[in-house]
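Written below as structure tokens is the structure these notes are about.
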Amino acid sequence: MTITDTTAAQATRRLNTSKAMVEAIAQEMRADPEVFYLGEDVGAYGGIFSSTTGLLDEFGPTRIIDTPISETAFIGLAIGAATEGMRPIAELMFADFMGVCLDQIYNHMAKIHYESGGNVKVPMVLTTAVGGGYSDGAQHSQTLWGTFAHLPGMKVVVPALPADAKGLMTSAIRDDSPVVYMFHKGVMGLPWMAKNPRSIDVVPEGDYAVPIGKANVVREGTDVSVVTLSLSVHHALDVAEKLEADGISVEVLDLRSLVPLDRDAILETVGKTGRLVVVDEDYHSFGLSGEVVTTVAEHDPALFTAPPERVTLPDTPIPYAHSLEHAVLPRHDRIEAGIRKVLG
Amino acid sequence: MTEVPFPVMSQADPAAVGILATWYVRDGETVGDGQLIAEVQMDKVDMDVTAPVAGTIRLSAAEGEEVTQGSAIAVIE
């Protein structure tokens with residue numbers, strides 16, 4: 001057998017993003033009896049976006065807990081358990097529902113550690129499904145990560161790829177701070193959602209942690225930097241591959257977390273290419289995209305050889321109609337246009 | 001050589017047809033016994049398919065293809 005043959009037949013264990021996330025939860029639950037998961041339809045149903053599939057069978061209803069539709073109550077329960085030393089994972093079914101339970105999230109979960117002078121820790125994870133693209137309407141399609149990130153006291157992680165979904169979940173559960181773990185429905189690799197080949201990939205087996213706060217260059221390039229996260233990483237990589245045929249070299253930086261924001265990685269990639277396109281599926285104004293541009297402007301605006309471009313969601317509720325929704329989302333056509341614009 | 005059948009998901013209809021939703025392996029790859037190789041769907045129900053033996057897998061159905069339950073989706077050599 002030649003070396004080439006060996007490579008071609010190399011056994012690789014692939015998972016979709018949801019299975020990768022579940023694997024991390026299961027491994028941490030086996031290792032630490034203080035870890036438990038609660039939320040709406042996380043038991044027998046397995047999570048409406050397969051965030052907990054199979055966990056009830058292994059861990060039973062005392063550690064995989066179906067809750068009533070009362071987010072304030074069960075997120076409050078998780079906060080209380082966390083302050084007593086447990087490591088709960090509470091699922092807010094859609095980030096859009098934050099409005100009914102925000103007091104628990106930003107006045108309690110995020111502040112207790114500070115208000116107690118650092119004496120009380122809140123080692124919990126708040127998981128939540130985000131994002132649009134499948135006609136679920138204005139109240140079930142938002143990302144809202146900029147809103148969570150704006151409120152101090154919570155880490156905010158946003159995996160794009162299967163291996164990161166596992167590694168960031170491991171780190172989130174082990175972290176002594178509250179971590180908001182936001183998974184885009186479009187990256188989960190679910191058979192009933194739009195097919196997205198990057199949602200299925202090799203995921204390391206066994207113990208695997210990705211440090212929170214480190215961005216990742218998922219594609220190297222020299223002409224322009226696309227700084228992005230979540231499902232937009234997939235789209236940006238698709239566009240980068242297409243533009244390679246036109247001789248355009250696109251670097252893609254996956255931020256992986258908003259809090260902490262890896263500002264050094266942003267400065268490094270923009271320092272390399274001089275041109276920045278921020279692709280953010282959150283609302284345009286007062287959010288992450290402005291923060292990324294400001295990171296460069298405050299450090300050294302001379303890094304920019306062209307004005308930066310933001311490809312974001314317009315400041316409007318997300319339409320239900322498929323054609324209108326796709327018109328406002330930062331999809332391939334708008335990302336390519338943004339790249340071409342900064343290239344002049 | 002071991003055939004990997006589309007799992008029987010409908011007892012009521014032996015000729016029920018499902019969809020090969022996702023391949024987790026590629027044609028010609030080496031798989032381990034019990035490794036997740038595919039996800040199939042029937043009537044909005046998903047099911048994982050694992051390798052019954054170790055070996056080199058040859059895929060005989062494409063993603064999105066309709067397959068009658070019980071018929072082969074791959075062979076493992």
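Following the order of the structure tokens, chains are lettered A, B, ..., residues in each are numbered from 1, and ligands are numbered from 1.
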Contact set, chain B to chain A: 10 Å, only C-alpha atoms, as a ChimeraX atom specification: /B:19-32,35-41,44-46,55-57,63-64
Save out the residues we just selected, N, CA and C atoms, as a PDB file, in the first residue's frame.
ATOM      1  N   ILE B  19     -35.480   8.349   3.460  1.00  0.00           N
ATOM      2  CA  ILE B  19     -34.471   9.173   2.781  1.00  0.00           C
ATOM      3  C   ILE B  19     -33.117   8.993   3.466  1.00  0.00           C
ATOM      4  N   LEU B  20     -32.091   8.824   2.644  1.00  0.00           N
ATOM      5  CA  LEU B  20     -30.723   8.825   3.165  1.00  0.00           C
ATOM      6  C   LEU B  20     -30.366  10.292   3.420  1.00  0.00           C
ATOM      7  N   ALA B  21     -30.431  10.714   4.673  1.00  0.00           N
ATOM      8  CA  ALA B  21     -30.299  12.142   4.978  1.00  0.00           C
ATOM      9  C   ALA B  21     -28.844  12.605   4.979  1.00  0.00           C
ATOM     10  N   THR B  22     -27.987  11.869   5.674  1.00  0.00           N
ATOM     11  CA  THR B  22     -26.609  12.331   5.859  1.00  0.00           C
ATOM     12  C   THR B  22     -25.643  11.159   5.848  1.00  0.00           C
ATOM     13  N   TRP B  23     -24.576  11.292   5.096  1.00  0.00           N
ATOM     14  CA  TRP B  23     -23.459  10.353   5.210  1.00  0.00           C
ATOM     15  C   TRP B  23     -22.412  10.958   6.135  1.00  0.00           C
ATOM     16  N   TYR B  24     -21.977  10.213   7.120  1.00  0.00           N
ATOM     17  CA  TYR B  24     -20.882  10.659   7.986  1.00  0.00           C
ATOM     18  C   TYR B  24     -19.546  10.049   7.561  1.00  0.00           C
ATOM     19  N   VAL B  25     -19.589   9.218   6.539  1.00  0.00           N
ATOM     20  CA  VAL B  25     -18.352   8.642   6.005  1.00  0.00           C
ATOM     21  C   VAL B  25     -18.338   8.864   4.499  1.00  0.00           C
ATOM     22  N   ARG B  26     -17.149   8.721   3.907  1.00  0.00           N
ATOM     23  CA  ARG B  26     -17.025   8.855   2.463  1.00  0.00           C
ATOM     24  C   ARG B  26     -16.689   7.503   1.857  1.00  0.00           C
ATOM     25  N   ASP B  27     -17.038   7.388   0.596  1.00  0.00           N
ATOM     26  CA  ASP B  27     -16.811   6.142  -0.125  1.00  0.00           C
ATOM     27  C   ASP B  27     -15.334   5.747  -0.038  1.00  0.00           C
ATOM     28  N   GLY B  28     -15.110   4.503   0.374  1.00  0.00           N
ATOM     29  CA  GLY B  28     -13.734   4.002   0.414  1.00  0.00           C
ATOM     30  C   GLY B  28     -13.024   4.207   1.732  1.00  0.00           C
ATOM     31  N   GLU B  29     -13.669   4.854   2.679  1.00  0.00           N
ATOM     32  CA  GLU B  29     -13.028   5.068   3.973  1.00  0.00           C
ATOM     33  C   GLU B  29     -13.072   3.803   4.826  1.00  0.00           C
ATOM     34  N   THR B  30     -12.146   3.764   5.756  1.00  0.00           N
ATOM     35  CA  THR B  30     -12.132   2.673   6.734  1.00  0.00           C
ATOM     36  C   THR B  30     -13.045   3.046   7.887  1.00  0.00           C
ATOM     37  N   VAL B  31     -13.914   2.116   8.261  1.00  0.00           N
ATOM     38  CA  VAL B  31     -14.814   2.389   9.391  1.00  0.00           C
ATOM     39  C   VAL B  31     -14.584   1.344  10.484  1.00  0.00           C
ATOM     40  N   GLY B  32     -14.867   1.748  11.696  1.00  0.00           N
ATOM     41  CA  GLY B  32     -14.749   0.827  12.828  1.00  0.00           C
ATOM     42  C   GLY B  32     -16.107   0.231  13.161  1.00  0.00           C
ATOM     43  N   GLN B  35     -19.181   2.371  14.446  1.00  0.00           N
ATOM     44  CA  GLN B  35     -18.991   3.792  14.128  1.00  0.00           C
ATOM     45  C   GLN B  35     -20.245   4.358  13.449  1.00  0.00           C
ATOM     46  N   LEU B  36     -20.598   5.586  13.801  1.00  0.00           N
ATOM     47  CA  LEU B  36     -21.711   6.273  13.134  1.00  0.00           C
ATOM     48  C   LEU B  36     -21.361   6.478  11.672  1.00  0.00           C
ATOM     49  N   ILE B  37     -22.213   5.968  10.779  1.00  0.00           N
ATOM     50  CA  ILE B  37     -21.909   6.137   9.353  1.00  0.00           C
ATOM     51  C   ILE B  37     -22.965   6.962   8.625  1.00  0.00           C
ATOM     52  N   ALA B  38     -24.210   6.955   9.097  1.00  0.00           N
ATOM     53  CA  ALA B  38     -25.252   7.671   8.356  1.00  0.00           C
ATOM     54  C   ALA B  38     -26.414   8.039   9.266  1.00  0.00           C
ATOM     55  N   GLU B  39     -27.223   8.951   8.761  1.00  0.00           N
ATOM     56  CA  GLU B  39     -28.481   9.291   9.417  1.00  0.00           C
ATOM     57  C   GLU B  39     -29.560   9.171   8.351  1.00  0.00           C
ATOM     58  N   VAL B  40     -30.639   8.471   8.695  1.00  0.00           N
ATOM     59  CA  VAL B  40     -31.736   8.290   7.739  1.00  0.00           C
ATOM     60  C   VAL B  40     -33.017   8.866   8.334  1.00  0.00           C
ATOM     61  N   GLN B  41     -33.978   9.070   7.475  1.00  0.00           N
ATOM     62  CA  GLN B  41     -35.223   9.725   7.867  1.00  0.00           C
ATOM     63  C   GLN B  41     -36.408   9.015   7.246  1.00  0.00           C
ATOM     64  N   LYS B  44     -40.444  12.061   9.006  1.00  0.00           N
ATOM     65  CA  LYS B  44     -39.919  13.074   9.933  1.00  0.00           C
ATOM     66  C   LYS B  44     -39.236  12.475  11.161  1.00  0.00           C
ATOM     67  N   VAL B  45     -39.013  11.156  11.160  1.00  0.00           N
ATOM     68  CA  VAL B  45     -38.261  10.540  12.251  1.00  0.00           C
ATOM     69  C   VAL B  45     -36.839  10.267  11.762  1.00  0.00           C
ATOM     70  N   ASP B  46     -35.842  10.648  12.560  1.00  0.00           N
ATOM     71  CA  ASP B  46     -34.444  10.404  12.210  1.00  0.00           C
ATOM     72  C   ASP B  46     -33.953   9.144  12.896  1.00  0.00           C
ATOM     73  N   GLY B  55     -14.227  -2.297   8.492  1.00  0.00           N
ATOM     74  CA  GLY B  55     -13.741  -2.565   7.137  1.00  0.00           C
ATOM     75  C   GLY B  55     -13.755  -1.332   6.271  1.00  0.00           C
ATOM     76  N   THR B  56     -13.687  -1.570   4.960  1.00  0.00           N
ATOM     77  CA  THR B  56     -13.724  -0.470   3.989  1.00  0.00           C
ATOM     78  C   THR B  56     -15.144  -0.345   3.469  1.00  0.00           C
ATOM     79  N   ILE B  57     -15.678   0.858   3.531  1.00  0.00           N
ATOM     80  CA  ILE B  57     -17.090   1.030   3.186  1.00  0.00           C
ATOM     81  C   ILE B  57     -17.250   1.519   1.748  1.00  0.00           C
ATOM     82  N   GLU B  63     -26.802  11.008  -0.734  1.00  0.00           N
ATOM     83  CA  GLU B  63     -27.570  11.853   0.200  1.00  0.00           C
ATOM     84  C   GLU B  63     -28.801  12.405  -0.513  1.00  0.00           C
ATOM     85  N   GLY B  64     -29.934  12.349   0.161  1.00  0.00           N
ATOM     86  CA  GLY B  64     -31.176  12.846  -0.427  1.00  0.00           C
ATOM     87  C   GLY B  64     -31.934  11.796  -1.208  1.00  0.00           C
TER      88      GLY B  64
END
Which residues are near Gly43 in chain A? Cut-off 9 Å, only C-alpha atoms, ignore same chain within fewer than 5 positions. Put them as a PyMOL selection string. chain A and resi 38+52-57+60-61+64-66
For the residues in the current selection, export C-alpha atoms as a tab-separated table (two decimals), in the first residue's frame.
chain	number	residue	atom	x	y	z
A	38	LEU	CA	-32.81	21.65	31.92
A	52	THR	CA	-29.85	17.07	23.82
A	53	THR	CA	-30.70	14.04	21.65
A	54	GLY	CA	-30.15	10.79	23.54
A	55	LEU	CA	-29.15	12.38	26.85
A	56	LEU	CA	-32.38	11.42	28.67
A	57	ASP	CA	-31.77	7.74	27.86
A	60	GLY	CA	-32.52	9.98	33.25
A	61	PRO	CA	-35.06	12.62	34.20
A	64	ILE	CA	-32.09	15.90	31.97
A	65	ILE	CA	-35.05	17.93	33.13
A	66	ASP	CA	-38.03	18.97	31.04
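Compared by their closest atoms to Thr50 in chain B, and using only C-alpha atoms, the residues B:Glu3, B:Glu77, B:Asp13, B:Asp33 rank with B:Asp33 nearest.
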DSSP strand (DSSP E or B) residues within chain B, as number ranges by chain: B: 2-5, 17-23, 30-31, 36-42, 45-50, 55-59, 66-68, 72-76
Range 85-161 of chain A: which residues are alpha helix (DSSP H) by DSSP, as number ranges by chain? A: 102, 112-115, 145-150
Looking at A:Glu281, A:Thr143, A:Ile335, A:Glu58, which one is nearest to Val252 in chain A, with distances taken over only C-alpha atoms?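 With only C-alpha atoms as the atom set, the closest residue is A:Ile335.
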Find, counting only C-alpha atoms, the residue in A:Arg63, A:His322, A:Arg256, A:Lys341 that gets nearest to Ala165 in chain A. A:Arg256
Skip Gly131 in chain A itself and residues of its chain fewer than 6 positions away, then list as a list in words all residues within 10 Å of it, counting only C-alpha atoms.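 These residues fall inside the cut-off: Phe94, Ala95, Asp96, His140, Ser141, Gln142, Thr143, Leu144, Trp145, Met182, Phe183, His184, Lys185, Gly186, Val187, Ser230, Leu231, Glu281, Asp282 and Leu329 of chain A.
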Tell me, as JSON, numbers by chain, which residues lie within 10 Å of Ala72 in chain B, counting only C-alpha atoms; anything in the same chain fewer than 2 positions away does not count. {"B": [2, 3, 4, 5, 6, 7, 59, 60, 61, 67, 68, 69, 70, 74, 75]}
Residue subset to file, keeping C-alpha atoms, as a short mmCIF file (atom, residue, chain, number, x, y, z; two decimals), in the first residue's frame:
data_model
loop_
_atom_site.label_atom_id
_atom_site.label_comp_id
_atom_site.auth_asym_id
_atom_site.auth_seq_id
_atom_site.Cartn_x
_atom_site.Cartn_y
_atom_site.Cartn_z
CA THR B 2 -21.41 -7.19 4.80
CA GLU B 3 -24.38 -5.28 3.48
CA VAL B 4 -25.60 -2.27 5.45
CA PRO B 5 -29.38 -2.07 5.06
CA PHE B 6 -31.63 0.96 5.43
CA PRO B 7 -33.07 0.23 8.91
CA LEU B 59 -21.62 3.65 -0.48
CA SER B 60 -24.50 2.67 -2.75
CA ALA B 61 -26.97 5.49 -2.04
CA VAL B 67 -34.46 4.13 -0.29
CA THR B 68 -36.85 1.28 0.56
CA GLN B 69 -36.30 0.09 4.10
CA GLY B 70 -34.29 -3.09 4.30
CA ALA B 74 -23.61 0.40 1.57
CA VAL B 75 -21.38 -2.62 1.80
#
Atom-to-atom span, CA of Ile75 in chain A and CA of Pro123 in chain A, Å: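 CA of Pro123 in chain A lies at a distance of 12.8 Å from CA of Ile75 in chain A.
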